[in-house]
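Colleague: Contents of coords_21.txt (compact mmCIF, C-alpha atoms and all ligand atoms) are given next:
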# COMPACT_ATOMS: atom_id res chain seq x y z
CA MET A 1 -12.71 -30.52 -11.19
CA ASP A 2 -10.61 -33.41 -12.31
CA PHE A 3 -10.98 -37.01 -11.29
CA TRP A 4 -8.30 -36.87 -8.62
CA GLN A 5 -9.77 -33.92 -6.81
CA ALA A 6 -13.24 -35.34 -7.00
CA ARG A 7 -11.94 -38.38 -5.17
CA ARG A 8 -10.42 -36.47 -2.27
CA PRO A 9 -13.44 -35.81 -0.08
CA LEU A 10 -13.95 -39.54 0.31
CA PHE A 11 -10.80 -39.82 2.37
CA HIS A 12 -12.06 -37.10 4.67
CA ALA A 13 -15.43 -38.61 5.39
CA GLY A 14 -14.41 -38.23 9.04
CA ARG A 15 -15.22 -34.54 8.99
CA SER A 16 -18.95 -34.97 8.66
CA GLU A 17 -18.78 -37.71 11.28
CA ARG A 18 -17.24 -35.34 13.79
CA ILE A 19 -20.03 -32.82 13.50
CA SER A 20 -22.61 -35.58 13.67
CA MET A 21 -24.16 -36.73 16.91
CA PHE A 22 -23.42 -40.34 16.08
CA LYS A 23 -19.97 -41.75 15.95
CA LEU A 24 -19.27 -44.61 13.61
CA SER A 25 -17.80 -47.74 15.13
CA LYS A 26 -14.05 -48.20 14.95
CA LYS A 27 -14.63 -51.18 12.68
CA VAL A 28 -16.66 -49.24 10.17
CA GLU A 29 -14.18 -46.38 10.30
CA ALA A 30 -11.40 -48.85 9.55
CA LEU A 31 -13.06 -50.12 6.36
CA PRO A 32 -11.10 -49.21 3.23
CA PRO A 33 -12.60 -46.40 1.15
CA TYR A 34 -14.82 -47.53 -1.70
CA LEU A 35 -12.71 -46.34 -4.60
CA PHE A 36 -15.23 -47.23 -7.27
CA LEU A 37 -17.62 -44.57 -6.02
CA GLU A 38 -15.84 -41.89 -8.00
CA ILE A 39 -15.71 -43.82 -11.22
CA ASP A 40 -19.40 -44.64 -10.71
CA LYS A 41 -20.14 -40.96 -10.25
CA ALA A 42 -18.08 -39.90 -13.26
CA LYS A 43 -19.82 -42.57 -15.33
CA ARG A 44 -23.29 -41.41 -14.32
CA LYS A 45 -22.35 -37.83 -15.10
CA ALA A 46 -21.06 -38.77 -18.55
CA ARG A 47 -24.25 -40.71 -19.24
CA ALA A 48 -26.40 -37.79 -18.09
CA GLU A 49 -24.51 -35.63 -20.58
CA GLY A 50 -25.70 -37.99 -23.28
CA ARG A 51 -22.27 -39.48 -24.04
CA ASP A 52 -22.17 -42.99 -25.50
CA ILE A 53 -20.34 -44.84 -22.73
CA ILE A 54 -18.79 -48.28 -23.28
CA ASP A 55 -18.78 -49.81 -19.82
CA LEU A 56 -15.99 -52.35 -19.36
CA GLY A 57 -16.04 -51.71 -15.65
CA ILE A 58 -18.73 -54.07 -14.46
CA GLY A 59 -18.13 -57.66 -13.38
CA ASP A 60 -21.72 -58.60 -14.02
CA PRO A 61 -22.80 -60.83 -16.94
CA ASP A 62 -24.69 -58.92 -19.66
CA GLN A 63 -26.59 -62.02 -20.80
CA PRO A 64 -29.92 -62.98 -19.21
CA THR A 65 -30.49 -65.90 -16.86
CA PRO A 66 -31.36 -69.03 -18.93
CA LYS A 67 -35.09 -69.40 -19.43
CA PHE A 68 -35.43 -72.80 -17.77
CA ILE A 69 -34.18 -71.28 -14.52
CA ILE A 70 -36.63 -68.37 -14.71
CA ASP A 71 -39.43 -70.85 -15.41
CA ALA A 72 -38.50 -72.81 -12.30
CA LEU A 73 -38.62 -69.62 -10.23
CA ASN A 74 -42.01 -68.63 -11.63
CA GLN A 75 -43.48 -72.00 -10.90
CA ALA A 76 -42.05 -72.14 -7.39
CA ALA A 77 -43.23 -68.61 -6.62
CA LEU A 78 -46.84 -69.70 -7.19
CA ASP A 79 -46.66 -72.30 -4.42
CA PRO A 80 -47.64 -70.83 -1.02
CA ALA A 81 -45.41 -73.39 0.71
CA ASN A 82 -42.49 -71.38 -0.66
CA HIS A 83 -43.68 -68.09 0.79
CA ARG A 84 -42.76 -68.88 4.38
CA TYR A 85 -39.42 -68.65 6.16
CA ALA A 86 -36.95 -71.00 4.53
CA LEU A 87 -34.80 -73.40 6.51
CA ASP A 88 -31.64 -71.68 7.73
CA GLN A 89 -29.46 -74.50 6.52
CA GLY A 90 -31.06 -74.57 3.05
CA MET A 91 -33.47 -77.05 1.48
CA PRO A 92 -32.28 -80.68 1.50
CA LEU A 93 -33.14 -80.70 -2.22
CA LEU A 94 -30.69 -77.89 -2.88
CA ARG A 95 -27.96 -79.30 -0.67
CA SER A 96 -28.09 -82.62 -2.48
CA ALA A 97 -28.15 -80.89 -5.89
CA ILE A 98 -24.98 -79.05 -4.86
CA ALA A 99 -23.30 -82.28 -3.66
CA ASP A 100 -24.20 -84.03 -6.95
CA TRP A 101 -22.95 -81.10 -9.02
CA TYR A 102 -19.67 -81.20 -7.10
CA LYS A 103 -19.30 -84.92 -7.63
CA HIS A 104 -19.96 -84.53 -11.33
CA ARG A 105 -17.72 -81.51 -11.83
CA PHE A 106 -14.80 -82.23 -9.49
CA ASP A 107 -15.24 -85.86 -8.51
CA VAL A 108 -15.38 -84.74 -4.88
CA ASN A 109 -17.83 -86.38 -2.46
CA LEU A 110 -19.62 -84.00 -0.12
CA ASN A 111 -22.05 -84.95 2.60
CA PRO A 112 -25.07 -82.74 1.85
CA GLU A 113 -26.09 -82.77 5.52
CA THR A 114 -22.85 -81.54 7.04
CA GLU A 115 -20.53 -80.31 4.33
CA VAL A 116 -22.75 -78.00 2.24
CA LEU A 117 -24.36 -74.69 3.20
CA PRO A 118 -26.44 -72.59 0.77
CA LEU A 119 -25.80 -68.82 0.96
CA ILE A 120 -27.55 -65.62 -0.05
CA GLY A 121 -24.83 -65.16 -2.65
CA SER A 122 -21.28 -66.17 -1.84
CA LYS A 123 -20.30 -62.60 -0.88
CA GLU A 124 -22.62 -62.88 2.10
CA GLY A 125 -20.93 -66.04 3.34
CA ILE A 126 -17.40 -64.80 2.66
CA ALA A 127 -18.06 -61.59 4.62
CA HIS A 128 -19.74 -63.41 7.54
CA PHE A 129 -17.34 -66.35 7.86
CA PRO A 130 -14.59 -64.38 9.67
CA LEU A 131 -17.03 -63.62 12.52
CA ALA A 132 -16.87 -67.29 13.44
CA PHE A 133 -13.12 -67.49 13.94
CA LEU A 134 -11.51 -64.08 14.49
CA ASN A 135 -10.72 -62.18 17.66
CA PRO A 136 -9.09 -58.77 18.10
CA GLY A 137 -5.37 -59.04 17.40
CA ASP A 138 -5.82 -61.88 14.91
CA PHE A 139 -4.69 -61.60 11.32
CA THR A 140 -6.14 -62.88 8.09
CA LEU A 141 -3.91 -63.37 5.07
CA VAL A 142 -5.45 -61.45 2.21
CA PRO A 143 -4.26 -61.28 -1.39
CA ASP A 144 -3.80 -57.80 -2.77
CA PRO A 145 -5.33 -56.87 -5.21
CA CYS A 146 -8.52 -58.71 -4.22
CA TYR A 147 -12.27 -58.92 -4.14
CA PRO A 148 -13.12 -56.33 -1.44
CA PRO A 149 -15.11 -58.47 1.08
CA TYR A 150 -11.95 -60.34 2.17
CA LYS A 151 -10.65 -57.17 3.76
CA GLY A 152 -14.09 -55.89 4.75
CA GLY A 153 -15.15 -59.14 6.42
CA THR A 154 -11.87 -59.28 8.35
CA ILE A 155 -12.16 -55.72 9.62
CA LEU A 156 -15.83 -56.08 10.57
CA ALA A 157 -14.83 -59.12 12.63
CA GLY A 158 -12.36 -56.95 14.54
CA ALA A 159 -9.19 -58.45 13.06
CA LYS A 160 -6.50 -57.19 10.69
CA PRO A 161 -5.82 -58.13 7.08
CA TYR A 162 -2.17 -58.92 6.37
CA LEU A 163 -1.64 -58.24 2.69
CA MET A 164 -0.02 -60.81 0.42
CA PRO A 165 1.00 -59.02 -2.80
CA LEU A 166 -0.07 -60.72 -6.02
CA LEU A 167 2.75 -59.91 -8.40
CA GLU A 168 3.08 -60.59 -12.08
CA GLU A 169 6.50 -62.20 -11.57
CA ASN A 170 4.82 -64.83 -9.34
CA SER A 171 1.96 -65.37 -11.81
CA PHE A 172 -0.25 -63.46 -9.37
CA LEU A 173 0.04 -66.20 -6.73
CA PRO A 174 0.88 -65.23 -3.14
CA ASP A 175 4.42 -66.07 -2.04
CA LEU A 176 3.73 -68.01 1.16
CA LYS A 177 7.42 -68.15 2.08
CA LYS A 178 7.44 -64.37 2.48
CA ILE A 179 4.85 -64.38 5.27
CA PRO A 180 6.73 -63.55 8.48
CA PHE A 181 6.58 -66.03 11.36
CA PHE A 182 4.93 -63.62 13.80
CA VAL A 183 2.14 -63.16 11.26
CA ARG A 184 1.73 -66.90 10.70
CA ARG A 185 1.30 -67.35 14.45
CA LYS A 186 -1.53 -64.82 14.61
CA ALA A 187 -3.17 -65.65 11.29
CA ARG A 188 -6.43 -67.64 11.46
CA ILE A 189 -7.63 -67.48 7.85
CA ILE A 190 -6.03 -67.27 4.41
CA PHE A 191 -8.12 -66.18 1.42
CA VAL A 192 -7.40 -67.45 -2.07
CA ASN A 193 -9.40 -66.86 -5.24
CA TYR A 194 -8.50 -68.71 -8.46
CA PRO A 195 -9.53 -68.14 -11.19
CA ASN A 196 -8.83 -64.68 -9.85
CA ASN A 197 -10.72 -61.45 -9.80
CA PRO A 198 -9.28 -58.99 -10.79
CA THR A 199 -6.10 -60.43 -12.38
CA GLY A 200 -7.63 -63.35 -14.31
CA ALA A 201 -4.80 -65.56 -12.98
CA CYS A 202 -5.31 -69.29 -12.35
CA ALA A 203 -3.82 -71.66 -9.78
CA GLY A 204 -2.79 -75.23 -10.40
CA ARG A 205 -2.91 -78.23 -8.09
CA ASP A 206 0.75 -77.65 -7.13
CA PHE A 207 -0.11 -74.32 -5.61
CA TYR A 208 -3.06 -75.76 -3.73
CA SER A 209 -1.03 -78.60 -2.35
CA GLU A 210 1.66 -76.21 -1.08
CA LEU A 211 -1.10 -74.05 0.42
CA ILE A 212 -2.69 -77.00 2.23
CA LYS A 213 0.66 -77.90 3.80
CA PHE A 214 1.20 -74.30 4.86
CA ALA A 215 -2.28 -74.10 6.38
CA ALA A 216 -2.05 -77.39 8.23
CA ARG A 217 1.39 -76.58 9.63
CA ASN A 218 0.25 -73.16 10.88
CA LYS A 219 -3.36 -74.11 11.84
CA ILE A 220 -4.80 -71.60 9.39
CA ILE A 221 -8.20 -71.97 7.71
CA ILE A 222 -8.21 -71.79 3.90
CA ILE A 223 -11.06 -69.92 2.26
CA SER A 224 -11.08 -70.78 -1.43
CA ASP A 225 -13.35 -68.51 -3.48
CA LEU A 226 -14.23 -70.46 -6.62
CA ALA A 227 -16.79 -68.07 -8.12
CA TYR A 228 -15.23 -68.39 -11.60
CA SER A 229 -14.74 -72.15 -11.79
CA GLU A 230 -17.01 -72.50 -14.85
CA MET A 231 -15.86 -69.45 -16.78
CA ALA A 232 -12.75 -70.81 -18.49
CA TYR A 233 -11.34 -70.96 -22.00
CA ASP A 234 -9.33 -73.02 -24.46
CA GLY A 235 -10.48 -76.23 -22.79
CA TYR A 236 -9.09 -75.32 -19.36
CA GLN A 237 -11.01 -76.69 -16.36
CA PRO A 238 -10.16 -74.93 -13.09
CA PRO A 239 -9.72 -77.36 -10.17
CA SER A 240 -11.34 -77.23 -6.73
CA ILE A 241 -8.99 -77.23 -3.77
CA LEU A 242 -11.15 -80.00 -2.31
CA GLU A 243 -9.82 -82.37 -4.98
CA LEU A 244 -6.49 -82.40 -3.13
CA PRO A 245 -5.56 -84.68 -0.26
CA GLY A 246 -5.75 -82.98 3.12
CA ALA A 247 -7.93 -80.11 1.88
CA ARG A 248 -10.98 -81.20 3.81
CA GLU A 249 -9.06 -80.88 7.09
CA VAL A 250 -8.39 -77.18 6.57
CA ALA A 251 -10.51 -75.68 3.77
CA ILE A 252 -13.92 -74.25 3.04
CA GLU A 253 -14.79 -73.38 -0.56
CA PHE A 254 -17.25 -70.73 -1.71
CA HIS A 255 -19.26 -71.02 -4.91
CA SER A 256 -21.74 -68.83 -6.60
CA LEU A 257 -24.49 -69.24 -9.15
CA SER A 258 -23.96 -65.59 -10.09
CA LYS A 259 -21.39 -65.94 -12.85
CA THR A 260 -22.03 -69.55 -13.87
CA TYR A 261 -25.74 -69.06 -14.59
CA ASN A 262 -25.99 -65.27 -15.09
CA MET A 263 -27.78 -64.98 -11.75
CA THR A 264 -26.02 -62.11 -9.97
CA GLY A 265 -29.26 -60.43 -8.89
CA TRP A 266 -30.83 -63.60 -7.55
CA ARG A 267 -28.43 -64.03 -4.62
CA ALA A 268 -27.60 -67.70 -4.54
CA GLY A 269 -24.34 -69.41 -3.68
CA TRP A 270 -22.93 -71.92 -1.24
CA ALA A 271 -20.06 -72.89 1.01
CA CYS A 272 -18.75 -76.44 1.23
CA GLY A 273 -15.90 -78.43 2.69
CA ASN A 274 -14.72 -79.02 6.26
CA PRO A 275 -17.84 -79.75 8.35
CA GLN A 276 -16.66 -77.83 11.42
CA LEU A 277 -16.09 -74.72 9.30
CA VAL A 278 -19.44 -75.14 7.54
CA ALA A 279 -21.24 -75.54 10.89
CA ALA A 280 -19.56 -72.45 12.34
CA LEU A 281 -20.68 -70.33 9.39
CA ALA A 282 -24.21 -71.73 9.74
CA LYS A 283 -24.21 -70.71 13.39
CA VAL A 284 -23.19 -67.13 12.60
CA LYS A 285 -25.79 -66.90 9.85
CA SER A 286 -28.60 -68.28 12.00
CA ASN A 287 -28.21 -65.07 14.03
CA ILE A 288 -28.23 -62.81 11.00
CA ASP A 289 -30.49 -64.06 8.21
CA SER A 290 -33.33 -66.49 7.74
CA GLY A 291 -32.31 -68.37 4.65
CA ILE A 292 -32.76 -67.91 0.90
CA PHE A 293 -36.25 -67.44 -0.58
CA SER A 294 -37.40 -71.01 -1.24
CA ALA A 295 -38.41 -70.22 -4.83
CA VAL A 296 -34.85 -69.05 -5.51
CA GLN A 297 -33.54 -72.26 -3.93
CA LEU A 298 -35.72 -74.33 -6.25
CA ALA A 299 -34.55 -72.27 -9.22
CA ALA A 300 -30.97 -72.98 -8.08
CA VAL A 301 -31.78 -76.70 -8.04
CA ALA A 302 -33.06 -76.36 -11.62
CA ALA A 303 -29.85 -74.57 -12.61
CA LEU A 304 -27.55 -77.18 -11.06
CA ARG A 305 -29.52 -80.20 -12.27
CA GLY A 306 -30.40 -78.77 -15.70
CA ASN A 307 -28.59 -79.10 -19.01
CA GLN A 308 -25.11 -77.62 -18.53
CA ASP A 309 -24.44 -77.17 -22.28
CA TYR A 310 -25.39 -73.57 -22.00
CA ILE A 311 -22.21 -72.99 -19.93
CA LYS A 312 -20.12 -74.04 -22.95
CA ASP A 313 -21.90 -71.47 -25.13
CA MET A 314 -21.34 -68.81 -22.51
CA CYS A 315 -17.63 -69.59 -22.40
CA GLN A 316 -17.40 -69.44 -26.19
CA LEU A 317 -19.04 -66.05 -26.18
CA TYR A 318 -16.57 -64.67 -23.61
CA GLN A 319 -13.67 -66.36 -25.36
CA ARG A 320 -14.46 -64.57 -28.64
CA ARG A 321 -14.75 -61.26 -26.80
CA ARG A 322 -11.49 -61.94 -24.96
CA ASN A 323 -9.67 -62.64 -28.22
CA THR A 324 -11.06 -59.54 -29.89
CA LEU A 325 -10.15 -57.28 -26.97
CA VAL A 326 -6.70 -58.66 -26.18
CA ASP A 327 -5.62 -59.05 -29.83
CA GLY A 328 -6.84 -55.51 -30.49
CA LEU A 329 -5.07 -54.00 -27.48
CA THR A 330 -1.87 -55.91 -28.24
CA ALA A 331 -1.92 -54.57 -31.81
CA LEU A 332 -2.11 -51.07 -30.31
CA GLY A 333 0.96 -51.80 -28.19
CA TRP A 334 -0.81 -52.31 -24.88
CA ALA A 335 0.45 -54.84 -22.31
CA ALA A 336 -2.48 -57.25 -22.06
CA THR A 337 -2.52 -61.05 -22.02
CA LYS A 338 -5.37 -63.49 -22.56
CA PRO A 339 -6.73 -64.87 -19.29
CA LYS A 340 -7.37 -68.64 -19.19
CA ALA A 341 -10.47 -68.00 -17.09
CA THR A 342 -12.78 -65.26 -15.68
CA PHE A 343 -14.21 -62.43 -17.73
CA TYR A 344 -11.49 -59.97 -16.73
CA VAL A 345 -8.50 -58.65 -18.62
CA TRP A 346 -5.85 -57.18 -16.32
CA ILE A 347 -3.92 -54.56 -18.20
CA LYS A 348 -0.77 -52.64 -17.32
CA THR A 349 -1.16 -48.90 -17.53
CA PRO A 350 1.46 -47.01 -19.53
CA PRO A 351 4.65 -46.28 -17.57
CA LYS A 352 4.18 -43.34 -15.20
CA ALA A 353 0.38 -43.24 -15.51
CA ASP A 354 -1.31 -44.31 -12.29
CA ALA A 355 -4.40 -46.47 -12.40
CA LEU A 356 -6.91 -43.82 -11.36
CA SER A 357 -5.73 -41.10 -13.71
CA PHE A 358 -5.46 -43.56 -16.59
CA ALA A 359 -9.03 -44.78 -16.03
CA ALA A 360 -10.16 -41.15 -15.82
CA HIS A 361 -8.32 -40.41 -19.06
CA LEU A 362 -10.07 -43.28 -20.86
CA LEU A 363 -13.45 -42.07 -19.67
CA LYS A 364 -12.80 -38.45 -20.53
CA GLU A 365 -11.22 -38.95 -23.94
CA ALA A 366 -12.82 -42.16 -25.22
CA ASP A 367 -16.00 -42.58 -23.18
CA ILE A 368 -14.72 -45.96 -22.00
CA VAL A 369 -15.13 -47.16 -18.43
CA ALA A 370 -12.39 -49.41 -17.04
CA THR A 371 -11.81 -50.19 -13.38
CA PRO A 372 -8.65 -48.75 -11.81
CA GLY A 373 -6.66 -51.59 -10.25
CA ILE A 374 -5.94 -49.57 -7.14
CA GLY A 375 -9.61 -50.04 -6.17
CA PHE A 376 -8.73 -53.68 -5.42
CA GLY A 377 -5.76 -52.78 -3.23
CA LYS A 378 -2.43 -51.02 -3.41
CA TYR A 379 -0.75 -53.74 -5.48
CA GLY A 380 -3.39 -53.06 -8.14
CA GLN A 381 -1.63 -49.78 -8.78
CA GLY A 382 -0.32 -49.68 -12.34
CA TYR A 383 -3.19 -51.77 -13.72
CA ILE A 384 -6.71 -51.36 -14.99
CA ARG A 385 -9.30 -54.12 -15.29
CA MET A 386 -11.56 -54.49 -18.29
CA ALA A 387 -14.55 -56.83 -18.09
CA LEU A 388 -15.76 -58.80 -21.12
CA THR A 389 -19.37 -57.88 -20.40
CA VAL A 390 -20.22 -56.00 -23.60
CA SER A 391 -20.78 -57.34 -27.13
CA GLU A 392 -17.96 -57.87 -29.62
CA GLU A 393 -19.24 -54.90 -31.66
CA ARG A 394 -18.86 -52.65 -28.65
CA ILE A 395 -15.41 -54.07 -27.93
CA LYS A 396 -14.40 -53.23 -31.51
CA GLU A 397 -15.82 -49.76 -31.10
CA ALA A 398 -13.82 -49.36 -27.87
CA LEU A 399 -10.65 -50.43 -29.70
CA ALA A 400 -11.33 -47.91 -32.47
CA ARG A 401 -11.72 -45.15 -29.90
CA ILE A 402 -8.54 -46.17 -28.09
CA GLU A 403 -6.66 -46.13 -31.40
CA LYS A 404 -7.87 -42.60 -32.00
CA ILE A 405 -6.51 -41.28 -28.70
CA SER A 406 -3.28 -43.27 -28.82
C1 LIG A 501 -18.64 -62.15 -8.43
C2 LIG A 501 -17.78 -62.72 -7.37
C3 LIG A 501 -18.33 -63.50 -6.36
C4 LIG A 501 -19.79 -63.85 -6.36
O1 LIG A 501 -20.51 -63.14 -5.46
P1 LIG A 501 -22.03 -63.48 -5.23
O2 LIG A 501 -22.26 -62.84 -3.89
O3 LIG A 501 -22.20 -64.95 -5.18
O4 LIG A 501 -22.82 -62.84 -6.32
C5 LIG A 501 -17.49 -64.06 -5.41
N1 LIG A 501 -16.15 -63.86 -5.47
C6 LIG A 501 -15.59 -63.11 -6.42
C7 LIG A 501 -14.12 -62.97 -6.45
C8 LIG A 501 -16.38 -62.51 -7.39
O5 LIG A 501 -15.82 -61.76 -8.33
Is it possible to give me this structure as structure tokens?
Modeller:
Amino acid sequence: MDFWQARRPLFHAGRSERISMFKLSKKVEALPPYLFLEIDKAKRKARAEGRDIIDLGIGDPDQPTPKFIIDALNQAALDPANHRYALDQGMPLLRSAIADWYKHRFDVNLNPETEVLPLIGSKEGIAHFPLAFLNPGDFTLVPDPCYPPYKGGTILAGAKPYLMPLLEENSFLPDLKKIPFFVRRKARIIFVNYPNNPTGACAGRDFYSELIKFAARNKIIIISDLAYSEMAYDGYQPPSILELPGAREVAIEFHSLSKTYNMTGWRAGWACGNPQLVAALAKVKSNIDSGIFSAVQLAAVAALRGNQDYIKDMCQLYQRRRNTLVDGLTALGWAATKPKATFYVWIKTPPKADALSFAAHLLKEADIVATPGIGFGKYGQGYIRMALTVSEERIKEALARIEKIS
């Protein structure tokens, strides 16, 4: 069975639902299919067959969490005071560490009492935020391709994502002028994510200032997902939207410790910005979770207040990998460019090959896993994403294998 056929049953999940006693909610039925399931399955199968897989599919740092952060967790875990329910709104110590980090990094002043909210990873907050502001019939403006929770969070809140294509000719920025007026009237939230997953694109202050005007004029909330703010190359420093005038009236920004400190499994992030938006998210969350494990919060304080030099080393490591991969692919005639930030390389598939079959081809013929762009939305068709989360040696090995099948 080839990759395409293997994928099919996913789209017909409804069949087993019909013979079941329990009917899924309309919201859950409306969620987009999880297209990575099939590549995950194919990958596991290849591994089970003993093949030497080079996995460029995972957006998860391969390096360990720095030791000083683990030490802080260990120490905090020994204190019984940290074993009880945490405060919903996060420890004051963590909120002020976040505000200080923001001041230092972006020169933005945040009130730690009202403008900062720790999260159980930023995905959690991004997916829950729409519950605070959406009603049936509302739209959100969602970039396509995108990080899946923007669509998922919208649909679970009973609203509809309106897709804004991210096209190469617009440097993978949404074209706000193309959003029809009837959509603007019904749109409550716009999602933006720069540095961007999956395209690696970056946004400048000009884009943000146009976006703020658009949002204010149309009374739309801006969600800025800044998960990759610290993963940037060649001296580039991605801005925060909150640096711009007017942003605090309309924007909430989401951050994560996951990529910055190699802490994906720990589940720690935060939202910050407009106090009304922050309070609304806190209210939703107080009905869903009971805060982050206090020992993890204290480890997050250690991360944010600790020596940040390690981030420079991390960026140098990814930068070397990026150069090796993109220079190598370019030499083989592939259409790949060096991203200024993120650990993703967004690569055009050969003409006529679609993303899924090209990814399947790479896995079958070269034992290389890449993520088909279509998994991030229909405008990801024609692209695959490679993540810089393996060593340079493995990247070179991948290039050698690609050369062999070219
Ligand atoms: C990895 C990532 C996050 C971080 O998610 P956490 O839940 O904080 O681990 C957020 N947004 C994007 C676009 C990401 O790729």
Colleague: Find the residues near ligand LIG 501 (chain A). Use a cut-off of 7 Å, count only C-alpha atoms and all ligand atoms, and write them as a PyMOL selection string.
Modeller: chain A and resi 59+121-124+147+193+196-197+225-227+255-259+264+267-269
Colleague: Counting all atoms listed in the file, select every polymer residue within 7 Å of (-33.7, -71.9, -14.1) as defined in the file's coordinates, and provide the selection as JSON, numbers by chain.
Modeller: {"A": [66, 67, 68, 69, 70, 71, 72, 73, 299, 300, 302, 303]}
Colleague: Restricting the output to C-alpha atoms, write the selected residues as a PDB file, keeping the file's coordinate frame.
Modeller:
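Saved to again.pdb:
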ATOM      1  CA  PRO A  66     -31.360 -69.030 -18.930  1.00  0.00           C
ATOM      2  CA  LYS A  67     -35.090 -69.400 -19.430  1.00  0.00           C
ATOM      3  CA  PHE A  68     -35.430 -72.800 -17.770  1.00  0.00           C
ATOM      4  CA  ILE A  69     -34.180 -71.280 -14.520  1.00  0.00           C
ATOM      5  CA  ILE A  70     -36.630 -68.370 -14.710  1.00  0.00           C
ATOM      6  CA  ASP A  71     -39.430 -70.850 -15.410  1.00  0.00           C
ATOM      7  CA  ALA A  72     -38.500 -72.810 -12.300  1.00  0.00           C
ATOM      8  CA  LEU A  73     -38.620 -69.620 -10.230  1.00  0.00           C
ATOM      9  CA  ALA A 299     -34.550 -72.270  -9.220  1.00  0.00           C
ATOM     10  CA  ALA A 300     -30.970 -72.980  -8.080  1.00  0.00           C
ATOM     11  CA  ALA A 302     -33.060 -76.360 -11.620  1.00  0.00           C
ATOM     12  CA  ALA A 303     -29.850 -74.570 -12.610  1.00  0.00           C
TER      13      ALA A 303
END
Colleague: Using all atoms listed in the file, can you tell me which of A:Tyr102, A:Tyr228, A:Phe207, A:Phe139 comes closest to Ile190 of chain A?
Modeller: A:Phe139
Colleague: Between A:Ala77, A:Val326, A:Met21, A:Ile155, which one has atoms that come closest to Phe293 of chain A, using only C-alpha atoms?
Modeller: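 Looking only at the distances to Phe293 of chain A, the closest residue turns out to be A:Ala77.
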Colleague: Can you tell me, as a list in words, what residues are no more than 10 Å from Asp60 of chain A when counting all atoms listed in the file, ignoring any on the same chain fewer than 5 positions away?
Modeller: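 Close residues of Asp60 of chain A: Ser258, Lys259, Asn262, Met263, Thr264, Gly265, Phe343, Ala387, Leu388 and Thr389 of chain A.
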Colleague: Can you pull out the residues contacting Ala360 of chain A? Cut-off 9 Å, using all atoms listed in the file, and skip same-chain residues under 2 positions away; I want them as a list of chain:residue names.
Modeller: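 Within the cut-off, the hits are A:Asp2, A:Phe3, A:Trp4, A:Ile39, A:Ala42, A:Ala355, A:Leu356, A:Ser357, A:Phe358, A:Leu362, A:Leu363, A:Lys364, A:Glu365, A:Val369, A:Ala370, A:Pro372.
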Colleague: Using all atoms listed in the file, which of A:Leu94, A:Ile311, A:Ile384, A:Val116 sits nearest Ile292 of chain A?
Modeller: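 Using all atoms listed in the file, Ile292 of chain A sits closest to A:Leu94.
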Colleague: If you measure from atom CA of Ala157 of chain A to atom CA of Leu131 of chain A, what distance in Å do you get, rounded to one decimal?
Modeller: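 About the pair atom CA of Ala157 of chain A and atom CA of Leu131 of chain A: they are 5.0 Å apart.
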Colleague: Between A:Ser290, A:Gln316, A:Thr154, A:Gln237, which is the closest to Asp138 of chain A once you count only C-alpha atoms?
Modeller: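 Checking each candidate against Asp138 of chain A, we get A:Thr154 as the closest.
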Colleague: Taking into account all atoms listed in the file, which residue in the set A:Leu35, A:Tyr379, A:Arg394, A:Tyr85 is nearest to Pro143 of chain A?
Modeller: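 Going through A:Leu35, A:Tyr379, A:Arg394, A:Tyr85 one by one, the smallest distance to Pro143 of chain A is for A:Tyr379.
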Colleague: Let me make sure I understand: among A:Glu49, A:Asp354, A:Glu249, A:Asp88, which one has the smallest atom-to-atom distance to Gly375 of chain A if we use all atoms listed in the file?
Modeller: A:Asp354
Colleague: One number please: atom CA of Glu29 of chain A to atom CA of Met164 of chain A, in Å, one decimal.
Modeller: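 Interatomic distance, atom CA of Glu29 of chain A to atom CA of Met164 of chain A: 22.5 Å.
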Colleague: Please indicate the distance in Å from atom CA of Phe214 of chain A to atom CA of Leu163 of chain A, rounded to one decimal place.
Modeller: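 Atom CA of Leu163 of chain A lies at a distance of 16.5 Å from atom CA of Phe214 of chain A.
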Colleague: Considering only C-alpha atoms, return as a count of residues only whatever protein or nucleic-acid residues lie within 10 Å of segment 208-210 of chain A, sequence-local ones (same chain, fewer than 6 positions apart) excluded.
Modeller: 12
Colleague: Will you model N, CA and C atoms for segment 363-368 of chain A and pass it back as a tab-separated table (two decimals), in the coordinates of the input?
Modeller:
chain	number	residue	atom	x	y	z
A	363	LEU	N	-12.04	-42.50	-19.73
A	363	LEU	CA	-13.45	-42.07	-19.67
A	363	LEU	C	-13.60	-40.69	-20.33
A	364	LYS	N	-12.69	-39.82	-20.03
A	364	LYS	CA	-12.80	-38.45	-20.53
A	364	LYS	C	-12.61	-38.40	-22.04
A	365	GLU	N	-11.58	-39.09	-22.52
A	365	GLU	CA	-11.22	-38.95	-23.94
A	365	GLU	C	-11.92	-39.95	-24.86
A	366	ALA	N	-12.29	-41.11	-24.33
A	366	ALA	CA	-12.82	-42.16	-25.22
A	366	ALA	C	-14.17	-42.68	-24.77
A	367	ASP	N	-14.72	-42.11	-23.71
A	367	ASP	CA	-16.00	-42.58	-23.18
A	367	ASP	C	-15.99	-44.08	-22.87
A	368	ILE	N	-14.84	-44.55	-22.37
A	368	ILE	CA	-14.72	-45.96	-22.00
A	368	ILE	C	-14.53	-46.06	-20.49
